[in-house]
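Asker: Quick one: this structure, given as structure tokens, is what I'll be asking you about.
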Amino acid sequence: MMLLQQRLVRLTGPARPESIKEKTICQDLFEILDWLPVSFVDLLFLDPPYNLTKTFNGMTHKERSIRDYGEWFESWFAKILRTLKPTASVYICGDWRSSAAVHLVAEKHLIVRNRITWEREKGRGAKSNWKNCSEDIWFCTVSDKYFFDVDAVKMRRRVIAPYTDSEGNPKDWERTEAGRFRLTHPSNVWTDLTVPFWSMAENTDHPTQKPEKLLAKIILASSRPGDWILDPFLGSGTTSVVAKKLERSYTGVEIDPTYCCMAEKRLNLAEHDKSIQGYGDGVFWERNSFRQMERFSSGQESEVSLPLLLTVAEKGQE
């Protein structure tokens, strides 16, 4: 763990862009917010603590009223927007408790383009309420001049009822050895994601870890290779890891040293394994399509299942 800690950055004053490029800053965001460079970010991904009581490695965030959450959100949100280029895009995560407040604050400062709702798949059952298994992501831009590549985020779906022309040829789908598939445009409802679990190579013990596939959709849609992505609530590093795999630059800020080291370990692994579960052949695939992906893209590099949790031996090196 000591070797991983040596890679982390701590700011003592205003930072030059090159000093934080492809780095993990291990500090409280609110301590360094005014020290981040101006106008260097192409894509901002925000996954702040939601408006609920939850503990992150010993640090507890408590649920507030919607009004109080909105005031807390706006107290730092306006400041971090100074890091954005005029052509930048912003994605803001929230659950149903925080989403309304996020929307109201975001529309004061940005152009709100859409609300993505994704199926979290996991969720505790409830006897007196609907099971909560979805989250929102607000898609915003600084201006009307922004980048969006719809072709980079198309999904390959299996065709259940194939239509053919008068000669029996496929209409708007293709016949392959792996099956019948259609390329579809992405919508603002995402049902193809899997929350990382114990057997997935990307899994860590962070309690709110986002899937790499989710970040891949956002990064491919709203950035070009070489663009700079900022995540001020990095957690265990998913945004930086996916940015690296997709040949983007990145900067992450995370207050917890253990999560920072997880991020650095994952970045090391990304040097040798560029795979993203559910993404291959330049398209996204439906959930549970691994066999079809293998057959369709037999030459693609296979995933490497390497442990991401810090081992006892690593922790003992502190």
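Letters A, B, ... go to the chains of the structure tokens in the order shown; residues in each chain start at 1; ligands are counted from 1 in the same order.
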Mind listing the alpha helix (DSSP H) residues of region 41-95 of chain A, per DSSP on the backbone, as a list in words?

Answerer: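 Answer for region 41-95 of chain A restricted to alpha helix (DSSP H) is Ile66, Arg67, Asp68, Tyr69, Gly70, Glu71, Trp72, Phe73, Glu74, Ser75, Trp76, Phe77, Ala78, Lys79 and Ile80 of chain A.
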
Asker: Give me the residues within 9 Å of region 67-73 of chain A as a PyMOL selection string, counting only C-alpha atoms and dropping any in the same chain fewer than 6 places off.

Answerer: chain A and resi 48+50-51+98+100-102+104-105

Asker: Suppose you want the space between CA of Trp138 (chain A) and CA of Val90 (chain A); what is it in Å?

Answerer: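 Spanning CA of Trp138 (chain A) to CA of Val90 (chain A) is a straight-line distance of 7.9 Å.
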
Asker: Need to verify the contact set: region 156-162 of chain A, 10 Å, only C-alpha atoms, exclusion of same-chain residues closer than 5 positions in sequence. Can you return it as a compact mmCIF listing (two decimals) with C-alpha atoms, in the first residue's frame?

Answerer:
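Heads up, here's the output in selection_7.txt:
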```
# COMPACT_ATOMS: atom_id res chain seq x y z
CA ASN A 169 -33.16 -10.55 -46.60
CA PRO A 170 -32.86 -8.99 -43.12
CA LYS A 171 -34.53 -5.59 -42.66
CA ASP A 172 -32.53 -3.36 -40.28
CA TRP A 173 -30.68 -6.30 -38.67
CA GLU A 174 -27.85 -8.70 -39.49
CA ARG A 175 -27.53 -12.47 -39.51
CA ALA A 178 -23.44 -15.72 -33.18
CA GLY A 179 -27.11 -15.00 -33.86
CA ARG A 180 -29.40 -12.27 -35.19
CA PHE A 181 -28.61 -8.74 -34.05
CA ARG A 182 -29.68 -5.15 -34.58
CA LEU A 183 -27.71 -1.99 -33.80
CA THR A 184 -29.95 0.44 -31.91
CA HIS A 185 -29.59 4.06 -30.88
CA TYR A 279 -18.53 -3.50 -24.35
CA GLY A 280 -16.80 -5.02 -27.36
CA ASP A 281 -16.43 -4.70 -31.11
CA GLY A 282 -17.07 -0.96 -30.70
CA VAL A 283 -20.62 -1.42 -29.39
CA PHE A 284 -22.42 -2.12 -26.15
CA TRP A 285 -24.18 -5.40 -25.55
CA GLU A 286 -27.26 -6.35 -23.58
CA ARG A 287 -26.89 -7.83 -20.13
CA SER A 289 -24.53 -11.49 -23.64
CA GLN A 292 -22.64 -13.96 -27.95
CA MET A 293 -19.87 -11.36 -27.58
```

Asker: Could you please write out, as a count of residues only, every residue of region 79-255 of chain A that DSSP assigns to strand (DSSP E)?

Answerer: 53

Asker: Work out how far apart CA of Phe148 (chain A) and CA of Ile111 (chain A) are and give it in Å to one decimal.

Answerer: 14.4 Å

Asker: Using only C-alpha atoms, which of the listed residues (A:Val253, A:Leu4, A:Leu193, A:Ile20) sits closest to Asn268 (chain A)?

Answerer: A:Leu4

Asker: Can you list every residue of region 58-140 of chain A that has an atom at most 9 Å from region 211-222 of chain A, with its nearest atom pair and the distance in Å to one decimal, using only C-alpha atoms, ordered by chain then number, as a tab-separated table?

Answerer:
```
residue	atom	partner	partner_atom	distance
A:Ala88	CA	A:Ser222	CA	8.5
A:Ser89	CA	A:Ser222	CA	6.6
A:Val90	CA	A:Ser222	CA	8.9
A:Tyr91	CA	A:Ile218	CA	7.9
A:Trp118	CA	A:Leu214	CA	8.9
```

Asker: Using only C-alpha atoms, find the one residue out of A:Met2, A:Trp190, A:Glu271, A:Phe139 that sits nearest to Lys154 (chain A).

Answerer: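 Comparing A:Met2, A:Trp190, A:Glu271, A:Phe139 against Lys154 (chain A), the winner is A:Trp190.
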
Asker: Between CA of Thr141 (chain A) and CA of Thr239 (chain A), what is the spacing in Å?

Answerer: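 Rounded to one decimal, the two atoms are 18.6 Å apart.
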
Asker: When you count only C-alpha atoms, which of these residues is closest to Trp228 (chain A): A:Ile80, A:Met200, A:Ala263, A:Leu44?

Answerer: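 Looking only at the distances to Trp228 (chain A), the closest residue turns out to be A:Leu44.
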
Asker: Here is a test: counting only C-alpha atoms, which residue of A:Pro207, A:Gly278, A:Pro17, A:Gly235 is nearest to Thr258 (chain A)?

Answerer: A:Gly235

Asker: Considering only C-alpha atoms, state which residue in the set A:Asp273, A:Ile229, A:Ser187, A:Ser99 is at the smallest distance from Glu202 (chain A).

Answerer: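 Ranking A:Asp273, A:Ile229, A:Ser187, A:Ser99 by distance to Glu202 (chain A), first place goes to A:Asp273.
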